[in-house]
Amino acid sequence: MESSAKTAAKSGCVFCNIYKAKKDKILFQDDLTFAFYNKKKSVSDIHILVCPIVHLKNCSTLTKDNIDLLRHMQKVAEGVVAKLSPRSEYRFGYHKPPINTVEHLHLHGIVLPIKSEFLSNLRYGKLLTPTETIIQEVEQGKSLIEPKDDSTKKPLVAPKK
Ligand SMILES: [Zn+2]
Ligand SMILES: [Zn+2]
């Protein structure tokens, strides 16, 4: 099947390729989004990613037109993790540039507990921005680039005692 203009896949993009080739297990898919397992198991036993089918680069390229999509991605992520691991605690969020590893917008959905305290705080706690915060920033027209000095930010994950 040829991908239509609507899917707007970017050649060479890892996540576009996952969607096109269906190589990884697609956990969920609808007209706008798809979800699959993040292979980095070091973070948590269950760690999923939700992506828009259309290749959007990252949080800094979002506009008000994308707010419905962001809300939808959050709902999809919540639905998928709840199905994989009911009655658990979850963490959701985006990496903001320049922290992105893959340049295709993706929402992390993590079933707690996060295994590594280092990852928990650094990469998947402190630096994981919730959907609502992203939406607020888009609404306010703020720059969605992570400031260099983020020492004032509180970690999302409480440190272990
Ligand atoms: Zn892509
Ligand atoms: Zn990420």
# chains A, B, ... in the order shown; residues from 1 in each chain; ligands from 1
>>> residues_around(residues="A:Glu89", least_positions_apart="4", cutoff="8 Å", atoms="only C-alpha atoms", output="list in words")
Val111, Leu112 and Pro113 of chain A
>>> residues_near_ligand(ligand="ligand 1", cutoff="9 Å", atoms="only C-alpha atoms and all ligand atoms", output="JSON, numbers by chain")
{"A": [8, 9, 10, 11, 12, 13, 14, 15, 16, 17, 18, 19, 51, 52, 53, 54, 55, 56, 57, 102, 103, 104, 105]}
>>> residues_around(residues="A:Phe28", least_positions_apart="3", cutoff="10 Å", atoms="only C-alpha atoms", output="list in words")
Lys25, Thr33, Phe34, Ala35, Phe36, Val50, Val76, Ala77, Gly79 and Val80 of chain A
>>> residues_near_ligand(ligand="ligand 2", cutoff="9 Å", atoms="only C-alpha atoms and all ligand atoms", output="number ranges by chain")
A: 49, 93-96, 99-103, 105-108, 123-124, 128
>>> select_by_dssp(residues="stretch 31-128 of chain A", states="helix (DSSP H, G or I)", output="ChimeraX atom specification")
/A:59-61,64-84,117-122
>>> residues_around(residues="A:Ile110", least_positions_apart="5", cutoff="9 Å", atoms="only C-alpha atoms", output="NGL selection string")
:A and (43-49 or 81 or 89-93 or 124)
>>> write_last_selection(atoms="N, CA and C atoms", output="PDB file, in the first residue's frame")
ATOM      1  N   VAL A  43      13.841   1.289  31.843  1.00  0.00           N
ATOM      2  CA  VAL A  43      13.066   2.310  32.544  1.00  0.00           C
ATOM      3  C   VAL A  43      11.984   1.677  33.408  1.00  0.00           C
ATOM      4  N   SER A  44      11.228   0.804  32.794  1.00  0.00           N
ATOM      5  CA  SER A  44      10.086   0.214  33.470  1.00  0.00           C
ATOM      6  C   SER A  44       9.719  -1.056  32.720  1.00  0.00           C
ATOM      7  N   ASP A  45       9.028  -1.970  33.381  1.00  0.00           N
ATOM      8  CA  ASP A  45       8.632  -3.201  32.690  1.00  0.00           C
ATOM      9  C   ASP A  45       7.701  -2.892  31.525  1.00  0.00           C
ATOM     10  N   ILE A  46       6.846  -1.894  31.707  1.00  0.00           N
ATOM     11  CA  ILE A  46       5.950  -1.496  30.620  1.00  0.00           C
ATOM     12  C   ILE A  46       6.155  -0.020  30.318  1.00  0.00           C
ATOM     13  N   HIS A  47       6.608   0.225  29.124  1.00  0.00           N
ATOM     14  CA  HIS A  47       6.934   1.581  28.684  1.00  0.00           C
ATOM     15  C   HIS A  47       6.478   1.684  27.233  1.00  0.00           C
ATOM     16  N   ILE A  48       5.461   2.482  27.004  1.00  0.00           N
ATOM     17  CA  ILE A  48       4.928   2.599  25.645  1.00  0.00           C
ATOM     18  C   ILE A  48       5.157   4.002  25.095  1.00  0.00           C
ATOM     19  N   LEU A  49       5.034   4.104  23.793  1.00  0.00           N
ATOM     20  CA  LEU A  49       5.097   5.405  23.136  1.00  0.00           C
ATOM     21  C   LEU A  49       3.862   5.564  22.260  1.00  0.00           C
ATOM     22  N   VAL A  81      -1.999   1.795  28.473  1.00  0.00           N
ATOM     23  CA  VAL A  81      -1.334   1.304  29.702  1.00  0.00           C
ATOM     24  C   VAL A  81      -2.349   0.676  30.664  1.00  0.00           C
ATOM     25  N   GLU A  89      -0.070   2.519  38.724  1.00  0.00           N
ATOM     26  CA  GLU A  89       0.172   3.956  38.611  1.00  0.00           C
ATOM     27  C   GLU A  89       0.996   4.192  37.356  1.00  0.00           C
ATOM     28  N   TYR A  90       0.743   5.308  36.740  1.00  0.00           N
ATOM     29  CA  TYR A  90       1.376   5.581  35.450  1.00  0.00           C
ATOM     30  C   TYR A  90       2.018   6.960  35.452  1.00  0.00           C
ATOM     31  N   ARG A  91       2.926   7.126  34.534  1.00  0.00           N
ATOM     32  CA  ARG A  91       3.491   8.458  34.289  1.00  0.00           C
ATOM     33  C   ARG A  91       3.474   8.714  32.789  1.00  0.00           C
ATOM     34  N   PHE A  92       3.050   9.911  32.438  1.00  0.00           N
ATOM     35  CA  PHE A  92       2.970  10.277  31.023  1.00  0.00           C
ATOM     36  C   PHE A  92       3.735  11.568  30.795  1.00  0.00           C
ATOM     37  N   GLY A  93       4.295  11.724  29.637  1.00  0.00           N
ATOM     38  CA  GLY A  93       4.914  13.008  29.342  1.00  0.00           C
ATOM     39  C   GLY A  93       5.768  13.006  28.090  1.00  0.00           C
ATOM     40  N   TYR A 124      13.223  10.612  32.898  1.00  0.00           N
ATOM     41  CA  TYR A 124      11.801  10.310  32.821  1.00  0.00           C
ATOM     42  C   TYR A 124      11.000  10.933  33.961  1.00  0.00           C
TER      43      TYR A 124
END
